[in-house]
$ cat my_file34.txt   # compact mmCIF, C-alpha atoms
# COMPACT_ATOMS: atom_id res chain seq x y z
CA MET A 1210 36.62 168.84 77.42
CA PRO A 1211 33.81 171.25 76.52
CA LEU A 1212 30.19 170.39 76.11
CA VAL A 1213 29.73 170.61 72.32
CA LEU A 1214 26.24 171.29 71.04
CA ASN A 1215 25.33 170.96 67.38
CA SER A 1216 22.64 173.65 67.60
CA LEU A 1217 21.34 176.36 69.88
CA ASP A 1218 18.17 174.33 70.43
CA GLU A 1219 20.20 171.65 72.22
CA ILE A 1220 21.06 174.05 75.04
CA LYS A 1221 17.53 173.55 76.42
CA ASN A 1222 18.50 170.02 77.48
CA HIS A 1223 21.05 171.48 79.91
CA GLU A 1224 18.91 173.98 81.79
CA GLY A 1225 19.40 173.58 85.53
CA LYS A 1226 22.59 171.55 85.07
CA GLU A 1227 26.28 172.17 85.51
CA ILE A 1228 27.79 172.82 82.09
CA GLY A 1229 31.40 172.33 83.07
CA VAL A 1230 34.56 173.53 84.75
CA SER A 1231 37.33 175.38 82.92
CA GLU A 1232 41.01 174.62 83.02
CA TRP A 1233 43.22 176.30 85.61
CA LEU A 1234 44.66 179.68 84.63
CA THR A 1235 47.58 181.34 86.41
CA VAL A 1236 46.88 185.00 87.15
CA SER A 1237 50.37 186.43 86.78
CA GLN A 1238 51.62 189.74 88.13
CA GLU A 1239 52.23 190.76 84.53
CA ARG A 1240 48.52 190.24 83.71
CA ILE A 1241 47.54 192.21 86.83
CA ASN A 1242 49.88 195.07 85.82
CA GLN A 1243 48.48 195.08 82.27
CA PHE A 1244 44.94 195.26 83.64
CA ALA A 1245 45.98 198.13 85.92
CA ASP A 1246 47.36 199.96 82.89
CA ALA A 1247 44.26 199.27 80.80
CA THR A 1248 41.85 200.49 83.50
CA GLY A 1249 43.94 203.13 85.25
CA ASP A 1250 43.49 201.33 88.58
CA HIS A 1251 47.01 201.37 90.00
CA GLN A 1252 46.13 200.89 93.66
CA TRP A 1253 49.17 199.53 95.49
CA ILE A 1254 47.42 196.30 96.55
CA HIS A 1255 47.50 195.32 92.87
CA ILE A 1256 50.91 196.50 91.66
CA ASP A 1257 53.31 197.06 94.56
CA SER A 1258 54.62 193.63 95.57
CA GLU A 1259 57.00 194.86 98.28
CA ARG A 1260 54.41 197.05 99.99
CA SER A 1261 51.78 194.29 99.72
CA VAL A 1262 54.08 191.82 101.52
CA ARG A 1263 54.57 194.40 104.30
CA GLU A 1264 51.15 195.99 104.64
CA SER A 1265 48.44 193.93 102.99
CA PRO A 1266 46.51 191.32 104.98
CA PHE A 1267 46.90 189.09 101.90
CA LYS A 1268 50.74 189.29 102.03
CA SER A 1269 50.96 189.58 98.23
CA THR A 1270 49.47 191.64 95.46
CA ILE A 1271 45.97 190.68 94.40
CA ALA A 1272 44.13 190.79 91.09
CA HIS A 1273 41.45 193.38 90.54
CA GLY A 1274 37.99 191.92 91.02
CA PHE A 1275 37.08 193.16 87.58
CA LEU A 1276 40.09 191.36 86.13
CA THR A 1277 38.74 188.11 87.55
CA LEU A 1278 35.34 188.90 86.07
CA SER A 1279 36.83 189.83 82.69
CA LEU A 1280 38.28 186.34 82.34
CA LEU A 1281 34.84 184.70 82.04
CA PRO A 1282 34.79 185.01 78.23
CA GLN A 1283 38.14 183.20 78.15
CA PHE A 1284 36.73 180.35 80.25
CA VAL A 1285 33.43 179.85 78.41
CA PRO A 1286 34.79 178.13 75.26
CA GLN A 1287 36.55 175.65 77.54
CA VAL A 1288 33.18 174.48 78.88
CA LEU A 1289 30.64 175.15 76.11
CA GLN A 1290 30.70 175.33 72.33
CA ILE A 1291 27.63 175.76 70.13
CA LYS A 1292 28.48 174.77 66.55
CA ASN A 1293 25.41 176.00 64.62
CA GLY A 1294 22.58 178.48 64.92
CA VAL A 1295 24.42 181.28 66.74
CA LYS A 1296 25.46 184.37 64.79
CA MET A 1297 26.95 185.96 67.88
CA GLY A 1298 26.96 185.78 71.64
CA VAL A 1299 26.64 189.01 73.61
CA ASN A 1300 27.46 189.68 77.22
CA TYR A 1301 24.13 191.12 78.40
CA GLY A 1302 25.20 191.79 81.97
CA LEU A 1303 25.08 190.52 85.50
CA ASN A 1304 22.20 190.12 87.92
CA ARG A 1305 24.39 189.34 90.92
CA LEU A 1306 28.09 189.68 91.54
CA ARG A 1307 30.31 189.24 94.58
CA PHE A 1308 34.07 189.15 94.94
CA VAL A 1309 34.14 186.77 97.90
CA SER A 1310 37.89 186.36 98.35
CA PRO A 1311 40.99 187.81 96.69
CA VAL A 1312 42.93 186.29 93.82
CA GLN A 1313 46.55 186.47 94.85
CA SER A 1314 49.19 187.13 92.24
CA ASN A 1315 50.43 183.94 90.54
CA SER A 1316 47.57 181.84 91.90
CA LYS A 1317 45.56 179.54 89.66
CA ILE A 1318 41.85 180.07 89.09
CA ARG A 1319 39.12 178.26 87.19
CA ALA A 1320 35.43 178.83 86.56
CA ARG A 1321 32.48 176.52 87.16
CA PHE A 1322 29.38 177.18 85.01
CA THR A 1323 25.80 176.10 85.66
CA LEU A 1324 23.00 176.98 83.24
CA GLN A 1325 20.34 178.36 85.58
CA ALA A 1326 17.65 179.46 83.15
CA LEU A 1327 16.83 180.11 79.52
CA LYS A 1328 14.48 182.64 77.99
CA ASP A 1329 13.37 182.59 74.35
CA LEU A 1330 13.24 186.09 72.89
CA PRO A 1331 12.23 187.03 69.32
CA ASP A 1332 15.79 187.24 67.96
CA CYS A 1333 17.83 185.38 70.55
CA VAL A 1334 18.01 182.99 73.46
CA GLU A 1335 18.95 184.54 76.78
CA ALA A 1336 20.94 182.27 79.10
CA ALA A 1337 21.50 182.91 82.79
CA TYR A 1338 24.63 181.20 84.10
CA SER A 1339 25.65 180.76 87.68
CA VAL A 1340 29.43 181.15 87.64
CA THR A 1341 31.78 180.39 90.49
CA VAL A 1342 35.45 181.29 90.13
CA GLU A 1343 37.66 179.27 92.47
CA ALA A 1344 41.32 179.59 93.36
CA GLU A 1345 43.37 176.44 93.70
CA GLY A 1346 43.51 175.42 97.37
CA ALA A 1347 41.32 178.29 98.60
CA PRO A 1348 38.52 177.53 101.06
CA LYS A 1349 36.10 180.06 99.51
CA PRO A 1350 35.37 181.09 95.93
CA CYS A 1351 36.96 184.25 94.53
CA CYS A 1352 33.94 185.39 92.61
CA VAL A 1353 30.32 184.33 92.30
CA ALA A 1354 28.09 185.79 89.62
CA GLU A 1355 24.85 185.36 87.75
CA TRP A 1356 25.92 186.15 84.20
CA ILE A 1357 23.47 186.81 81.39
CA VAL A 1358 24.48 185.94 77.83
CA ARG A 1359 22.35 186.42 74.75
CA TYR A 1360 22.83 184.06 71.81
CA TYR A 1361 21.56 185.69 68.62
CA ARG A 1362 20.22 183.46 65.87

$ encode --input "my_file34.txt" --output "structure tokens"
Amino acid sequence: MPLVLNSLDEIKNHEGKEIGVSEWLTVSQERINQFADATGDHQWIHIDSERSVRESPFKSTIAHGFLTLSLLPQFVPQVLQIKNGVKMGVNYGLNRLRFVSPVQSNSKIRARFTLQALKDLPDCVEAAYSVTVEAEGAPKPCCVAEWIVRYYR
């Protein structure tokens, strides 16, 4: 269940707090192949299942790190919705990013969001989120990032 805010001003009450955790999402081989096609990154560790079983230390294909990262916009509405006062949200970038452990094909991942800091700017509010992407049953996170989003009024 997402945190639903009636206005952008209400986000200030959540600074320094965990916003929420998304639902689990299966990262299928089909999704990995589509991402490979979209980006031109056809390295065998992503698309060649037979070779990955034989030669990869992960014993299966793995998702591209940037695929994992690209799923953050899909996860956000599952944890936060702002009903009024936002014309648009813009991905402003990342301050920190690490792909800590691989996302194996057909594994389930979810994202945990914490609102680290807010900055009022003339035409928007800039939010810095700490995001941790975890794989079901994995001892370490897949991805950790400090993600900057700007909410324009």

$ closest_residue --input "my_file34.txt" --among "A:Gly1302, A:Gly1225, A:Pro1331, A:Pro1286" --to "Pro1211 in chain A" --atoms "only C-alpha atoms"
A:Pro1286

$ closest_residue --input "my_file34.txt" --among "A:Leu1306, A:Asn1293, A:Val1353, A:Gln1313" --to "Ser1265 in chain A" --atoms "all atoms listed in the file"
A:Gln1313

$ closest_residue --input "my_file34.txt" --among "A:Thr1323, A:Lys1317, A:Cys1333, A:Val1288" --to "Glu1345 in chain A" --atoms "only C-alpha atoms"
A:Lys1317

$ closest_atom_pairs --input "my_file34.txt" --of "range 1218-1242 of chain A" --to "range 1278-1282 of chain A" --cutoff "12 Å" --atoms "only C-alpha atoms" --output "tab-separated table"
residue	atom	partner	partner_atom	distance
A:Val1230	CA	A:Leu1281	CA	11.5
A:Ser1231	CA	A:Leu1281	CA	9.7
A:Glu1232	CA	A:Leu1281	CA	11.9
A:Trp1233	CA	A:Leu1280	CA	11.7
A:Leu1234	CA	A:Leu1280	CA	9.5
A:Thr1235	CA	A:Leu1280	CA	11.3
A:Val1236	CA	A:Leu1280	CA	9.9
A:Arg1240	CA	A:Leu1280	CA	11.0
A:Ile1241	CA	A:Ser1279	CA	11.7

$ write_last_selection --input "my_file34.txt" --atoms "C-alpha atoms" --output "PDB file, in the coordinates of the input"
ATOM      1  CA  VAL A1230      34.560 173.530  84.750  1.00  0.00           C
ATOM      2  CA  SER A1231      37.330 175.380  82.920  1.00  0.00           C
ATOM      3  CA  GLU A1232      41.010 174.620  83.020  1.00  0.00           C
ATOM      4  CA  TRP A1233      43.220 176.300  85.610  1.00  0.00           C
ATOM      5  CA  LEU A1234      44.660 179.680  84.630  1.00  0.00           C
ATOM      6  CA  THR A1235      47.580 181.340  86.410  1.00  0.00           C
ATOM      7  CA  VAL A1236      46.880 185.000  87.150  1.00  0.00           C
ATOM      8  CA  ARG A1240      48.520 190.240  83.710  1.00  0.00           C
ATOM      9  CA  ILE A1241      47.540 192.210  86.830  1.00  0.00           C
TER      10      ILE A1241
END

$ atom_distance --input "my_file34.txt" --atom1 "CA of Gly1249 in chain A" --atom2 "CA of Val1340 in chain A"
26.4 Å

$ atom_distance --input "my_file34.txt" --atom1 "CA of Leu1217 in chain A" --atom2 "CA of Ser1339 in chain A"
18.8 Å

$ residues_around --input "my_file34.txt" --residues "Tyr1338 in chain A" --least-positions-apart "5" --cutoff "9 Å" --atoms "all atoms listed in the file" --output "MDAnalysis selection string"
chainID A and resid 1322:1326 1354:1358

$ write_last_selection --input "my_file34.txt" --atoms "C-alpha atoms" --output "CSV table (one decimal), in the coordinates of the input"
chain,number,residue,atom,x,y,z
A,1322,PHE,CA,29.4,177.2,85.0
A,1323,THR,CA,25.8,176.1,85.7
A,1324,LEU,CA,23.0,177.0,83.2
A,1325,GLN,CA,20.3,178.4,85.6
A,1326,ALA,CA,17.6,179.5,83.2
A,1354,ALA,CA,28.1,185.8,89.6
A,1355,GLU,CA,24.8,185.4,87.8
A,1356,TRP,CA,25.9,186.2,84.2
A,1357,ILE,CA,23.5,186.8,81.4
A,1358,VAL,CA,24.5,185.9,77.8

$ closest_residue --input "my_file34.txt" --among "A:Tyr1360, A:Asp1218, A:Glu1224, A:Ala1344" --to "Asn1300 in chain A" --atoms "all atoms listed in the file"
A:Tyr1360

$ atom_distance --input "my_file34.txt" --atom1 "CA of Glu1343 in chain A" --atom2 "CA of Gln1243 in chain A"
21.7 Å

$ closest_residue --input "my_file34.txt" --among "A:Ala1272, A:Val1262, A:Ala1245, A:Ile1291" --to "Leu1214 in chain A" --atoms "all atoms listed in the file"
A:Ile1291

$ closest_residue --input "my_file34.txt" --among "A:Thr1270, A:Ser1310, A:Gln1287, A:Ser1316" --to "His1251 in chain A" --atoms "all atoms listed in the file"
A:Thr1270

$ residues_around --input "my_file34.txt" --residues "Glu1219 in chain A" --least-positions-apart "3" --cutoff "12 Å" --atoms "only C-alpha atoms" --output "VMD selection string"
chain A and resid 1212 to 1216 1222 to 1224 1289 to 1295 1327 1334

$ decode --input "my_file34.txt" --residues "range 1330-1359 of chain A" --atoms "N, CA and C atoms" --output "compact mmCIF listing (two decimals), in the first residue's frame"
# COMPACT_ATOMS: atom_id res chain seq x y z
N LEU A 1330 13.51 24.48 -4.14
CA LEU A 1330 14.06 25.29 -5.21
C LEU A 1330 12.95 26.18 -5.74
N PRO A 1331 13.27 27.22 -6.52
CA PRO A 1331 12.22 28.17 -6.93
C PRO A 1331 11.02 27.54 -7.62
N ASP A 1332 11.24 26.52 -8.47
CA ASP A 1332 10.12 25.97 -9.23
C ASP A 1332 9.82 24.51 -8.91
N CYS A 1333 10.54 23.96 -7.92
CA CYS A 1333 10.35 22.55 -7.62
C CYS A 1333 10.86 22.21 -6.22
N VAL A 1334 10.58 20.98 -5.84
CA VAL A 1334 11.16 20.40 -4.63
C VAL A 1334 12.05 19.26 -5.08
N GLU A 1335 13.29 19.27 -4.63
CA GLU A 1335 14.23 18.21 -4.98
C GLU A 1335 14.30 17.21 -3.82
N ALA A 1336 14.04 15.95 -4.13
CA ALA A 1336 14.04 14.89 -3.13
C ALA A 1336 15.21 13.95 -3.39
N ALA A 1337 15.94 13.63 -2.34
CA ALA A 1337 17.02 12.64 -2.43
C ALA A 1337 16.54 11.38 -1.72
N TYR A 1338 16.44 10.30 -2.48
CA TYR A 1338 16.00 9.02 -1.93
C TYR A 1338 17.17 8.06 -1.84
N SER A 1339 17.24 7.37 -0.73
CA SER A 1339 18.12 6.22 -0.62
C SER A 1339 17.29 5.03 -1.06
N VAL A 1340 17.79 4.32 -2.08
CA VAL A 1340 17.05 3.19 -2.64
C VAL A 1340 17.91 1.95 -2.54
N THR A 1341 17.33 0.90 -2.01
CA THR A 1341 17.99 -0.40 -1.95
C THR A 1341 17.13 -1.41 -2.68
N VAL A 1342 17.70 -2.03 -3.71
CA VAL A 1342 16.99 -3.07 -4.45
C VAL A 1342 17.49 -4.41 -3.92
N GLU A 1343 16.56 -5.24 -3.48
CA GLU A 1343 16.89 -6.53 -2.89
C GLU A 1343 16.31 -7.65 -3.73
N ALA A 1344 17.02 -8.77 -3.75
CA ALA A 1344 16.51 -9.97 -4.42
C ALA A 1344 16.02 -10.92 -3.35
N GLU A 1345 14.93 -11.57 -3.63
CA GLU A 1345 14.33 -12.49 -2.68
C GLU A 1345 15.34 -13.57 -2.28
N GLY A 1346 15.59 -13.69 -0.99
CA GLY A 1346 16.48 -14.72 -0.47
C GLY A 1346 17.96 -14.42 -0.58
N ALA A 1347 18.34 -13.28 -1.15
CA ALA A 1347 19.76 -12.95 -1.31
C ALA A 1347 20.31 -12.31 -0.04
N PRO A 1348 21.56 -12.62 0.30
CA PRO A 1348 22.14 -12.06 1.52
C PRO A 1348 22.54 -10.59 1.41
N LYS A 1349 22.78 -10.12 0.18
CA LYS A 1349 23.19 -8.73 -0.04
C LYS A 1349 22.25 -8.07 -1.04
N PRO A 1350 22.14 -6.74 -0.98
CA PRO A 1350 21.30 -6.06 -1.96
C PRO A 1350 21.89 -6.17 -3.37
N CYS A 1351 21.04 -5.99 -4.35
CA CYS A 1351 21.47 -6.00 -5.76
C CYS A 1351 22.02 -4.64 -6.16
N CYS A 1352 21.34 -3.62 -5.67
CA CYS A 1352 21.67 -2.26 -6.09
C CYS A 1352 21.39 -1.32 -4.92
N VAL A 1353 22.29 -0.39 -4.71
CA VAL A 1353 22.06 0.69 -3.75
C VAL A 1353 22.34 2.00 -4.47
N ALA A 1354 21.47 2.97 -4.25
CA ALA A 1354 21.59 4.23 -4.98
C ALA A 1354 21.06 5.38 -4.16
N GLU A 1355 21.62 6.55 -4.41
CA GLU A 1355 21.02 7.79 -3.93
C GLU A 1355 20.46 8.46 -5.18
N TRP A 1356 19.14 8.48 -5.25
CA TRP A 1356 18.41 8.91 -6.45
C TRP A 1356 17.79 10.27 -6.19
N ILE A 1357 18.00 11.18 -7.12
CA ILE A 1357 17.48 12.54 -6.99
C ILE A 1357 16.28 12.71 -7.95
N VAL A 1358 15.17 13.12 -7.38
CA VAL A 1358 13.95 13.37 -8.16
C VAL A 1358 13.52 14.81 -7.90
N ARG A 1359 13.15 15.49 -8.95
CA ARG A 1359 12.60 16.83 -8.81
C ARG A 1359 11.11 16.81 -9.10
